[in-house]
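Undergrad: Have a peek at work33.txt (compact mmCIF, C-alpha atoms).
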# COMPACT_ATOMS: atom_id res chain seq x y z
CA MET J 1 4.34 -4.58 14.52
CA GLN J 2 7.88 -5.14 15.68
CA MET J 3 8.92 -1.52 16.11
CA SER J 4 11.70 -2.23 18.60
CA ASP J 5 14.31 -2.97 15.94
CA GLY J 6 13.94 0.51 14.47
CA LEU J 7 12.49 1.57 11.15
CA LEU J 8 10.27 -0.77 9.25
CA MET J 9 10.08 -0.92 5.44
CA GLU J 10 6.95 -2.02 3.57
CA VAL J 11 7.29 -2.76 -0.14
CA CYS J 12 4.27 -2.82 -2.45
CA VAL J 13 4.45 -5.66 -4.96
CA ASP J 14 2.23 -7.11 -7.68
CA SER J 15 4.10 -10.34 -8.49
CA VAL J 16 5.69 -13.34 -6.77
CA GLU J 17 9.12 -12.30 -8.07
CA SER J 18 8.75 -8.83 -6.55
CA ALA J 19 7.60 -10.31 -3.23
CA ILE J 20 10.65 -12.59 -3.06
CA ASN J 21 12.94 -9.67 -3.99
CA ALA J 22 11.35 -7.48 -1.32
CA GLU J 23 12.05 -10.07 1.37
CA ARG J 24 15.61 -10.63 0.11
CA GLY J 25 16.24 -6.91 0.17
CA GLY J 26 15.23 -6.62 3.82
CA ALA J 27 11.59 -5.52 3.70
CA ALA J 28 9.68 -6.18 6.92
CA ARG J 29 6.26 -6.35 5.26
CA ILE J 30 4.72 -6.69 1.83
CA GLU J 31 1.66 -4.88 0.50
CA LEU J 32 0.28 -7.20 -2.17
CA CYS J 33 -1.84 -5.81 -4.99
CA SER J 34 -2.46 -5.98 -8.72
CA ASN J 35 -2.25 -3.15 -11.25
CA LEU J 36 0.35 -0.95 -9.59
CA LEU J 37 -0.07 1.35 -12.61
CA GLU J 38 -3.55 2.18 -11.30
CA GLY J 39 -2.20 2.64 -7.79
CA GLY J 40 -2.97 -0.97 -6.84
CA THR J 41 -6.16 -3.04 -6.84
CA THR J 42 -7.18 -6.31 -5.15
CA PRO J 43 -4.83 -9.15 -6.15
CA SER J 44 -6.05 -12.64 -7.05
CA THR J 45 -6.22 -15.33 -4.38
CA GLY J 46 -3.85 -17.36 -6.58
CA LEU J 47 -1.22 -14.63 -6.32
CA LEU J 48 -1.64 -14.46 -2.53
CA GLN J 49 -1.33 -18.25 -2.19
CA VAL J 50 1.89 -18.47 -4.17
CA VAL J 51 3.39 -15.41 -2.44
CA LYS J 52 2.56 -16.90 0.99
CA GLU J 53 4.29 -20.14 -0.05
CA ASN J 54 7.45 -18.25 -0.99
CA VAL J 55 7.98 -15.55 1.66
CA GLU J 56 8.08 -15.54 5.46
CA ILE J 57 7.42 -11.84 6.12
CA PRO J 58 3.84 -10.59 6.70
CA VAL J 59 1.71 -10.03 3.60
CA PHE J 60 -0.91 -7.26 3.79
CA VAL J 61 -3.45 -7.47 0.97
CA MET J 62 -4.94 -4.49 -0.86
CA ILE J 63 -8.76 -4.54 -1.00
CA ARG J 64 -9.69 -2.12 -3.80
CA PRO J 65 -12.17 -3.27 -6.45
CA ARG J 66 -11.07 -0.79 -9.15
CA GLY J 67 -8.85 2.17 -9.90
CA GLY J 68 -10.14 5.72 -9.71
CA ASP J 69 -11.87 7.38 -6.76
CA PHE J 70 -12.75 5.89 -3.37
CA LEU J 71 -16.51 6.51 -3.49
CA TYR J 72 -17.98 3.01 -3.54
CA SER J 73 -21.42 1.69 -4.48
CA GLU J 74 -23.25 -0.92 -2.39
CA TRP J 75 -22.22 -3.57 -4.90
CA GLU J 76 -18.58 -2.57 -4.66
CA VAL J 77 -18.74 -2.72 -0.85
CA GLU J 78 -20.22 -6.22 -1.12
CA VAL J 79 -17.37 -7.22 -3.46
CA MET J 80 -14.84 -5.85 -0.96
CA LYS J 81 -16.41 -7.86 1.88
CA ARG J 82 -16.19 -11.05 -0.18
CA GLU J 83 -12.57 -10.28 -1.05
CA ILE J 84 -11.77 -9.74 2.63
CA GLN J 85 -13.29 -13.15 3.47
CA GLN J 86 -11.30 -14.84 0.71
CA MET J 87 -7.99 -13.19 1.65
CA LYS J 88 -8.50 -14.13 5.31
CA SER J 89 -9.10 -17.75 4.31
CA GLN J 90 -5.88 -17.68 2.26
CA ARG J 91 -3.80 -16.56 5.29
CA ALA J 92 -3.41 -12.84 4.60
CA ASP J 93 -1.57 -11.26 7.54
CA GLY J 94 -3.35 -7.92 7.24
CA LEU J 95 -5.54 -5.87 4.92
CA VAL J 96 -5.33 -2.46 3.26
CA PHE J 97 -8.38 -0.42 2.23
CA GLY J 98 -10.12 2.93 2.45
CA ALA J 99 -13.43 4.56 1.52
CA LEU J 100 -14.53 8.19 1.29
CA THR J 101 -17.79 10.13 1.18
CA GLU J 102 -18.55 12.37 -1.81
CA ASP J 103 -17.46 15.43 0.19
CA GLY J 104 -14.03 14.00 0.92
CA ARG J 105 -14.42 12.60 4.43
CA VAL J 106 -13.61 9.12 5.68
CA HIS J 107 -16.73 6.98 5.08
CA THR J 108 -17.18 5.75 8.63
CA HIS J 109 -20.12 3.45 7.87
CA ILE J 110 -18.37 1.55 5.06
CA CYS J 111 -15.10 1.44 6.99
CA MET J 112 -16.86 0.03 10.07
CA GLU J 113 -18.44 -2.72 7.95
CA LEU J 114 -15.13 -3.60 6.29
CA LEU J 115 -13.21 -3.49 9.59
CA ALA J 116 -15.79 -5.80 11.17
CA ALA J 117 -15.30 -8.25 8.28
CA SER J 118 -11.52 -7.98 8.68
CA ARG J 119 -11.26 -8.90 12.37
CA PRO J 120 -8.96 -10.01 13.89
CA LEU J 121 -6.52 -8.89 11.18
CA PRO J 122 -4.75 -5.51 11.41
CA VAL J 123 -5.81 -2.97 8.79
CA THR J 124 -4.01 -0.09 7.06
CA PHE J 125 -6.02 2.82 5.62
CA HIS J 126 -4.45 3.41 2.20
CA ARG J 127 -3.77 6.57 0.20
CA ALA J 128 -7.48 7.37 -0.11
CA PHE J 129 -6.33 9.44 2.89
CA ASP J 130 -4.52 11.75 0.48
CA MET J 131 -7.86 12.65 -1.11
CA VAL J 132 -9.57 13.80 2.12
CA HIS J 133 -10.82 17.34 2.71
CA ASP J 134 -9.19 17.71 6.15
CA PRO J 135 -6.36 15.28 7.01
CA LEU J 136 -6.19 16.14 10.73
CA VAL J 137 -9.92 15.50 11.20
CA ALA J 138 -9.68 12.34 9.08
CA LEU J 139 -6.81 11.07 11.24
CA GLU J 140 -8.95 11.23 14.40
CA THR J 141 -11.71 9.35 12.56
CA LEU J 142 -9.27 6.57 11.59
CA ILE J 143 -8.01 6.31 15.18
CA SER J 144 -11.54 6.04 16.58
CA LEU J 145 -12.46 3.42 13.95
CA GLY J 146 -9.49 1.26 14.94
CA PHE J 147 -7.15 1.35 11.93
CA GLU J 148 -3.60 0.29 12.82
CA ARG J 149 -1.85 2.59 10.35
CA VAL J 150 -2.37 5.05 7.54
CA LEU J 151 -0.37 5.24 4.33
CA THR J 152 0.03 8.82 3.14
CA SER J 153 2.02 11.18 0.95
CA GLY J 154 0.86 14.05 3.14
CA CYS J 155 -1.96 14.78 0.67
CA ASP J 156 0.56 15.91 -1.94
CA SER J 157 2.10 14.60 -5.16
CA SER J 158 4.82 12.75 -3.21
CA ALA J 159 5.87 12.11 0.39
CA LEU J 160 8.68 14.64 -0.01
CA GLU J 161 6.26 17.38 -1.12
CA GLY J 162 3.85 16.41 1.66
CA LEU J 163 6.50 16.22 4.37
CA PRO J 164 5.16 19.15 6.48
CA VAL J 165 1.71 17.51 6.63
CA ILE J 166 3.21 14.08 7.43
CA LYS J 167 5.17 15.65 10.30
CA ARG J 168 1.96 17.22 11.68
CA LEU J 169 0.15 13.88 11.42
CA VAL J 170 2.94 12.08 13.31
CA GLU J 171 2.80 14.74 16.03
CA GLN J 172 -0.98 14.54 16.28
CA ALA J 173 -1.05 10.73 16.26
CA LYS J 174 1.16 10.51 19.39
CA GLY J 175 1.59 6.79 18.80
CA ARG J 176 -2.16 6.05 18.62
CA ILE J 177 -1.85 5.07 14.95
CA VAL J 178 1.19 4.45 12.74
CA ILE J 179 1.82 7.15 10.11
CA MET J 180 3.55 5.48 7.15
CA PRO J 181 4.90 7.85 4.47
CA GLY J 182 4.65 6.58 0.91
CA GLY J 183 4.67 8.03 -2.59
CA GLY J 184 7.80 8.57 -4.65
CA ILE J 185 10.22 7.41 -1.94
CA THR J 186 13.72 6.72 -3.33
CA GLU J 187 17.29 6.39 -2.08
CA ARG J 188 17.71 10.11 -2.78
CA ASN J 189 14.93 11.36 -0.51
CA LEU J 190 14.34 8.65 2.13
CA GLN J 191 16.63 10.11 4.79
CA ARG J 192 15.03 13.56 4.48
CA ILE J 193 11.55 12.04 4.74
CA LEU J 194 12.37 9.91 7.79
CA GLU J 195 14.24 12.65 9.64
CA GLY J 196 11.71 15.32 8.68
CA SER J 197 8.63 13.30 9.64
CA GLY J 198 9.67 11.25 12.67
CA SER J 199 7.92 8.24 11.12
CA GLN J 200 8.90 4.73 12.19
CA GLU J 201 7.73 3.01 9.01
CA PHE J 202 7.85 3.81 5.31
CA HIS J 203 6.38 2.41 2.09
CA CYS J 204 8.00 2.12 -1.34
CA SER J 205 7.87 0.09 -4.55
CA ALA J 206 11.62 0.28 -5.40
CA ARG J 207 11.04 -1.08 -8.89
CA SER J 208 13.18 -1.31 -12.00
CA SER J 209 12.10 -2.04 -15.57
CA LYS J 210 13.03 -5.48 -16.77
CA ASP J 211 12.93 -6.47 -20.42
CA SER J 212 10.62 -9.30 -21.47
CA SER J 213 12.19 -12.69 -22.20
CA MET J 214 10.08 -13.03 -25.36
CA LYS J 215 12.18 -13.68 -28.47
CA PHE J 216 9.31 -13.51 -30.95
CA ARG J 217 7.56 -10.14 -30.73
CA ASN J 218 4.53 -8.72 -32.51
CA SER J 219 4.85 -4.96 -32.22
CA ASN J 220 1.50 -4.29 -33.95
CA VAL J 221 -0.60 -5.60 -31.08
CA CYS J 222 -1.19 -4.00 -27.69
CA MET J 223 -3.27 -5.54 -24.87
CA GLY J 224 -4.17 -2.32 -23.07
CA GLY J 225 -6.06 0.81 -24.04
CA SER J 226 -4.62 3.94 -25.62
CA LEU J 227 -2.56 4.86 -22.54
CA SER J 228 -0.73 1.58 -22.83
CA VAL J 229 2.41 0.40 -21.12
CA PRO J 230 5.28 -1.22 -23.03
CA GLU J 231 4.05 -4.69 -24.02
CA TYR J 232 7.49 -6.30 -23.69
CA ALA J 233 8.74 -4.87 -20.40
CA VAL J 234 7.80 -5.57 -16.79
CA LYS J 235 8.50 -3.61 -13.61
CA VAL J 236 9.89 -5.69 -10.75
CA ALA J 237 10.95 -4.84 -7.19
CA ASP J 238 14.72 -4.40 -7.29
CA VAL J 239 16.73 -6.16 -4.54
CA THR J 240 19.59 -3.66 -4.89
CA LYS J 241 17.28 -0.66 -4.48
CA ILE J 242 15.52 -2.24 -1.49
CA ARG J 243 18.86 -3.04 0.20
CA ALA J 244 19.97 0.55 -0.35
CA LEU J 245 16.73 1.93 1.16
CA ASN J 246 17.09 -0.46 4.10
CA ALA J 247 20.66 0.67 4.75
CA ILE J 248 19.58 4.34 4.71
CA ALA J 249 16.77 3.57 7.16
CA LYS J 250 19.19 1.79 9.52
CA ASN J 251 21.63 4.72 9.38
CA THR J 252 18.89 7.27 10.04
CA LEU J 253 18.13 5.94 13.52
Please express what this file holds, its structure, as structure tokens.

TA:
Amino acid sequence: MQMSDGLLMEVCVDSVESAINAERGGAARIELCSNLLEGGTTPSTGLLQVVKENVEIPVFVMIRPRGGDFLYSEWEVEVMKREIQQMKSQRADGLVFGALTEDGRVHTHICMELLAASRPLPVTFHRAFDMVHDPLVALETLISLGFERVLTSGCDSSALEGLPVIKRLVEQAKGRIVIMPGGGITERNLQRILEGSGSQEFHCSARSSKDSSMKFRNSNVCMGGSLSVPEYAVKVADVTKIRALNAIAKNTL
């Protein structure tokens, strides 16, 4: 990616509106997914098509068949391969996925299969990395497999908490793979994370709650399960927040 112009911001989005806002705010790349509440799953091809029609910046597509862990069955791997084929045919600029073994290592066999299906597109290994048993060993595995970057909170609850690990990963990577901090990044902590890690890219959602435009509301009905989200509110990438993060990144150089 174009690293020459300094720090690069990736914004994860799950709607066309958020994608447009991300670009307006100065994002260099979009990670497109559905269900951000579950940490992101594979978006629909319809969403990718409409996003591609409305933004110019690269769109990397999440390939994750469900929420939860990253231990996948043969069927799920087959689903992921089909999704990769579909996203490539709909002009995805890159892909984002990860798979682990039951003992918390990078699943090299599944990753090799998915990477083969992804060629020639660049691939990011997502935050499945934060669930590995040994991040420094896992990093070497990702480099040898040919991943372009890894998204990580430093195997902690947020990128700020995981900053010491992120710094070690950047030092170990020596430019062989991009280490992209992500997880709870805000205007308040971005400068500390960038300066403390030495990373050249970062990942954020920069969202604000937006009230529904519905005038008639039925408060008795809820579409989700018991852990439900507000039925009449939506979270959207916030141009103001993204601009602020971008300005901090530019000043941190």

Undergrad: Near range 73-85 of chain J, within 8 Å and counting all atoms listed in the file, which residues show up once chain neighbours fewer than 4 positions away are dropped, as an mmCIF file with C-alpha atoms, keeping the file's coordinate frame?

TA:
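Saved file selection.cif follows:
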data_model
loop_
_atom_site.group_PDB
_atom_site.id
_atom_site.type_symbol
_atom_site.label_atom_id
_atom_site.label_comp_id
_atom_site.auth_asym_id
_atom_site.auth_seq_id
_atom_site.Cartn_x
_atom_site.Cartn_y
_atom_site.Cartn_z
ATOM 1 C CA THR J 42 -7.180 -6.310 -5.150
ATOM 2 C CA ILE J 63 -8.760 -4.540 -1.000
ATOM 3 C CA ARG J 64 -9.690 -2.120 -3.800
ATOM 4 C CA PRO J 65 -12.170 -3.270 -6.450
ATOM 5 C CA SER J 89 -9.100 -17.750 4.310
ATOM 6 C CA LEU J 95 -5.540 -5.870 4.920
ATOM 7 C CA ILE J 110 -18.370 1.550 5.060
ATOM 8 C CA LEU J 114 -15.130 -3.600 6.290
ATOM 9 C CA ALA J 117 -15.300 -8.250 8.280
ATOM 10 C CA SER J 118 -11.520 -7.980 8.680
#

Undergrad: Which of these, J:Glu148, J:Glu17, J:Glu140, J:Glu38, has the shortest distance to Lys235 in chain J once you count only C-alpha atoms?

TA: J:Glu17

Undergrad: What are the closest atom pairs, with distances in Å to one decimal, for all residues of range 224-251 of chain J lying within 6 Å of range 21-35 of chain J? Consider all atoms listed in the file, order rows by chain and residue number, and present the result as a Markdown table.

TA:
| residue | atom | partner | partner_atom | distance |
| --- | --- | --- | --- | --- |
| J:Val239 | CA | J:Gly25 | CA | 4.8 |
| J:Ile242 | CA | J:Gly25 | CA | 5.0 |
| J:Arg243 | CA | J:Gly25 | CA | 4.7 |

Undergrad: May I ask which of the residues J:His203, J:Lys250, J:Lys241, J:His126 is the closest one to Glu187 in chain J, counting only C-alpha atoms?

TA: J:Lys241

Undergrad: List every protein, DNA or RNA residue with an atom no more than 12 Å from (6.7, 15.5, 3.5) in the file's coordinates, counting only C-alpha atoms, and format the result as an mmCIF file with C-alpha atoms, keeping the file's coordinate frame.

TA:
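Produced file result00.cif, reproduced below:
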data_model
loop_
_atom_site.group_PDB
_atom_site.id
_atom_site.type_symbol
_atom_site.label_atom_id
_atom_site.label_comp_id
_atom_site.auth_asym_id
_atom_site.auth_seq_id
_atom_site.Cartn_x
_atom_site.Cartn_y
_atom_site.Cartn_z
ATOM 1 C CA THR J 152 0.030 8.820 3.140
ATOM 2 C CA SER J 153 2.020 11.180 0.950
ATOM 3 C CA GLY J 154 0.860 14.050 3.140
ATOM 4 C CA CYS J 155 -1.960 14.780 0.670
ATOM 5 C CA ASP J 156 0.560 15.910 -1.940
ATOM 6 C CA SER J 157 2.100 14.600 -5.160
ATOM 7 C CA SER J 158 4.820 12.750 -3.210
ATOM 8 C CA ALA J 159 5.870 12.110 0.390
ATOM 9 C CA LEU J 160 8.680 14.640 -0.010
ATOM 10 C CA GLU J 161 6.260 17.380 -1.120
ATOM 11 C CA GLY J 162 3.850 16.410 1.660
ATOM 12 C CA LEU J 163 6.500 16.220 4.370
ATOM 13 C CA PRO J 164 5.160 19.150 6.480
ATOM 14 C CA VAL J 165 1.710 17.510 6.630
ATOM 15 C CA ILE J 166 3.210 14.080 7.430
ATOM 16 C CA LYS J 167 5.170 15.650 10.300
ATOM 17 C CA ARG J 168 1.960 17.220 11.680
ATOM 18 C CA LEU J 169 0.150 13.880 11.420
ATOM 19 C CA VAL J 170 2.940 12.080 13.310
ATOM 20 C CA ILE J 179 1.820 7.150 10.110
ATOM 21 C CA MET J 180 3.550 5.480 7.150
ATOM 22 C CA PRO J 181 4.900 7.850 4.470
ATOM 23 C CA GLY J 182 4.650 6.580 0.910
ATOM 24 C CA GLY J 183 4.670 8.030 -2.590
ATOM 25 C CA GLY J 184 7.800 8.570 -4.650
ATOM 26 C CA ILE J 185 10.220 7.410 -1.940
ATOM 27 C CA ASN J 189 14.930 11.360 -0.510
ATOM 28 C CA LEU J 190 14.340 8.650 2.130
ATOM 29 C CA GLN J 191 16.630 10.110 4.790
ATOM 30 C CA ARG J 192 15.030 13.560 4.480
ATOM 31 C CA ILE J 193 11.550 12.040 4.740
ATOM 32 C CA LEU J 194 12.370 9.910 7.790
ATOM 33 C CA GLU J 195 14.240 12.650 9.640
ATOM 34 C CA GLY J 196 11.710 15.320 8.680
ATOM 35 C CA SER J 197 8.630 13.300 9.640
ATOM 36 C CA GLY J 198 9.670 11.250 12.670
ATOM 37 C CA SER J 199 7.920 8.240 11.120
ATOM 38 C CA PHE J 202 7.850 3.810 5.310
#

Undergrad: Taking into account all atoms listed in the file, which residue in the set J:Glu102, J:Asp211, J:Asp69, J:Asp93 is nearest to Val123 in chain J?

TA: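 With all atoms listed in the file as the atom set, the closest residue is J:Asp93.
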
Undergrad: Between CA of Ala116 in chain J and CA of Leu100 in chain J, what is the spacing in Å?

TA: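 Interatomic distance, CA of Leu100 in chain J to CA of Ala116 in chain J: 17.2 Å.
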
Undergrad: Given only C-alpha atoms as the basis, pick out the residue of J:Ala233, J:Leu142, J:Cys12, J:Cys204 nearest to Arg217 in chain J.

TA: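 Once distances to Arg217 in chain J are computed over only C-alpha atoms, the minimum belongs to J:Ala233.
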
Undergrad: Please measure the separation of CA of Asp14 in chain J and CA of Ser219 in chain J, giving the value in Å to one decimal.

TA: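 So the two atoms, CA of Asp14 in chain J and CA of Ser219 in chain J, lie 24.8 Å apart.
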
Undergrad: For the atom pair CA of Lys210 in chain J and CA of Val234 in chain J, what is the interatomic distance in Å to one decimal place?

TA: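 CA of Val234 in chain J lies 5.2 Å from CA of Lys210 in chain J.
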
Undergrad: Can you put N, CA, C and O atoms back into range 150-168 of chain J and show it as a PDB file, in the coordinates of the input?

TA:
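Writing done, so here's selection_39.pdb:
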ATOM      1  N   VAL J 150      -1.893   4.360   8.741  1.00  0.00           N
ATOM      2  CA  VAL J 150      -2.370   5.050   7.540  1.00  0.00           C
ATOM      3  C   VAL J 150      -1.179   5.302   6.629  1.00  0.00           C
ATOM      4  O   VAL J 150      -0.110   5.727   7.079  1.00  0.00           O
ATOM      5  N   LEU J 151      -1.381   4.991   5.359  1.00  0.00           N
ATOM      6  CA  LEU J 151      -0.370   5.240   4.330  1.00  0.00           C
ATOM      7  C   LEU J 151      -0.681   6.591   3.695  1.00  0.00           C
ATOM      8  O   LEU J 151      -1.806   6.827   3.255  1.00  0.00           O
ATOM      9  N   THR J 152       0.314   7.480   3.663  1.00  0.00           N
ATOM     10  CA  THR J 152       0.030   8.820   3.140  1.00  0.00           C
ATOM     11  C   THR J 152       1.251   9.497   2.535  1.00  0.00           C
ATOM     12  O   THR J 152       2.376   9.273   2.981  1.00  0.00           O
ATOM     13  N   SER J 153       0.986  10.312   1.520  1.00  0.00           N
ATOM     14  CA  SER J 153       2.020  11.180   0.950  1.00  0.00           C
ATOM     15  C   SER J 153       1.875  12.591   1.505  1.00  0.00           C
ATOM     16  O   SER J 153       2.430  13.538   0.951  1.00  0.00           O
ATOM     17  N   GLY J 154       1.115  12.714   2.591  1.00  0.00           N
ATOM     18  CA  GLY J 154       0.860  14.050   3.140  1.00  0.00           C
ATOM     19  C   GLY J 154      -0.065  14.851   2.247  1.00  0.00           C
ATOM     20  O   GLY J 154       0.036  16.071   2.163  1.00  0.00           O
ATOM     21  N   CYS J 155      -0.970  14.151   1.551  1.00  0.00           N
ATOM     22  CA  CYS J 155      -1.960  14.780   0.670  1.00  0.00           C
ATOM     23  C   CYS J 155      -1.316  15.611  -0.429  1.00  0.00           C
ATOM     24  O   CYS J 155      -1.863  16.629  -0.867  1.00  0.00           O
ATOM     25  N   ASP J 156      -0.133  15.195  -0.878  1.00  0.00           N
ATOM     26  CA  ASP J 156       0.560  15.910  -1.940  1.00  0.00           C
ATOM     27  C   ASP J 156       1.020  14.915  -2.999  1.00  0.00           C
ATOM     28  O   ASP J 156       0.780  13.717  -2.887  1.00  0.00           O
ATOM     29  N   SER J 157       1.713  15.441  -4.022  1.00  0.00           N
ATOM     30  CA  SER J 157       2.100  14.600  -5.160  1.00  0.00           C
ATOM     31  C   SER J 157       3.122  13.530  -4.781  1.00  0.00           C
ATOM     32  O   SER J 157       3.240  12.509  -5.449  1.00  0.00           O
ATOM     33  N   SER J 158       3.864  13.757  -3.698  1.00  0.00           N
ATOM     34  CA  SER J 158       4.820  12.750  -3.210  1.00  0.00           C
ATOM     35  C   SER J 158       5.036  12.980  -1.721  1.00  0.00           C
ATOM     36  O   SER J 158       4.688  14.039  -1.184  1.00  0.00           O
ATOM     37  N   ALA J 159       5.624  11.986  -1.058  1.00  0.00           N
ATOM     38  CA  ALA J 159       5.870  12.110   0.390  1.00  0.00           C
ATOM     39  C   ALA J 159       6.830  13.251   0.688  1.00  0.00           C
ATOM     40  O   ALA J 159       6.739  13.885   1.740  1.00  0.00           O
ATOM     41  N   LEU J 160       7.746  13.531  -0.233  1.00  0.00           N
ATOM     42  CA  LEU J 160       8.680  14.640  -0.010  1.00  0.00           C
ATOM     43  C   LEU J 160       7.935  15.975  -0.045  1.00  0.00           C
ATOM     44  O   LEU J 160       8.135  16.824   0.830  1.00  0.00           O
ATOM     45  N   GLU J 161       7.067  16.149  -1.036  1.00  0.00           N
ATOM     46  CA  GLU J 161       6.260  17.380  -1.120  1.00  0.00           C
ATOM     47  C   GLU J 161       5.339  17.514   0.090  1.00  0.00           C
ATOM     48  O   GLU J 161       5.088  18.620   0.580  1.00  0.00           O
ATOM     49  N   GLY J 162       4.811  16.380   0.553  1.00  0.00           N
ATOM     50  CA  GLY J 162       3.850  16.410   1.660  1.00  0.00           C
ATOM     51  C   GLY J 162       4.465  16.311   3.037  1.00  0.00           C
ATOM     52  O   GLY J 162       3.755  16.138   4.039  1.00  0.00           O
ATOM     53  N   LEU J 163       5.786  16.432   3.110  1.00  0.00           N
ATOM     54  CA  LEU J 163       6.500  16.220   4.370  1.00  0.00           C
ATOM     55  C   LEU J 163       5.982  17.072   5.537  1.00  0.00           C
ATOM     56  O   LEU J 163       5.812  16.535   6.644  1.00  0.00           O
ATOM     57  N   PRO J 164       5.674  18.370   5.341  1.00  0.00           N
ATOM     58  CA  PRO J 164       5.160  19.150   6.480  1.00  0.00           C
ATOM     59  C   PRO J 164       3.860  18.571   7.050  1.00  0.00           C
ATOM     60  O   PRO J 164       3.673  18.546   8.270  1.00  0.00           O
ATOM     61  N   VAL J 165       2.979  18.099   6.170  1.00  0.00           N
ATOM     62  CA  VAL J 165       1.710  17.510   6.630  1.00  0.00           C
ATOM     63  C   VAL J 165       1.984  16.177   7.343  1.00  0.00           C
ATOM     64  O   VAL J 165       1.398  15.894   8.401  1.00  0.00           O
ATOM     65  N   ILE J 166       2.882  15.365   6.796  1.00  0.00           N
ATOM     66  CA  ILE J 166       3.210  14.080   7.430  1.00  0.00           C
ATOM     67  C   ILE J 166       3.748  14.313   8.844  1.00  0.00           C
ATOM     68  O   ILE J 166       3.363  13.625   9.794  1.00  0.00           O
ATOM     69  N   LYS J 167       4.606  15.322   8.989  1.00  0.00           N
ATOM     70  CA  LYS J 167       5.170  15.650  10.300  1.00  0.00           C
ATOM     71  C   LYS J 167       4.057  16.024  11.280  1.00  0.00           C
ATOM     72  O   LYS J 167       4.045  15.570  12.436  1.00  0.00           O
ATOM     73  N   ARG J 168       3.094  16.827  10.819  1.00  0.00           N
ATOM     74  CA  ARG J 168       1.960  17.220  11.680  1.00  0.00           C
ATOM     75  C   ARG J 168       1.122  16.008  12.078  1.00  0.00           C
ATOM     76  O   ARG J 168       0.646  15.913  13.210  1.00  0.00           O
TER      77      ARG J 168
END
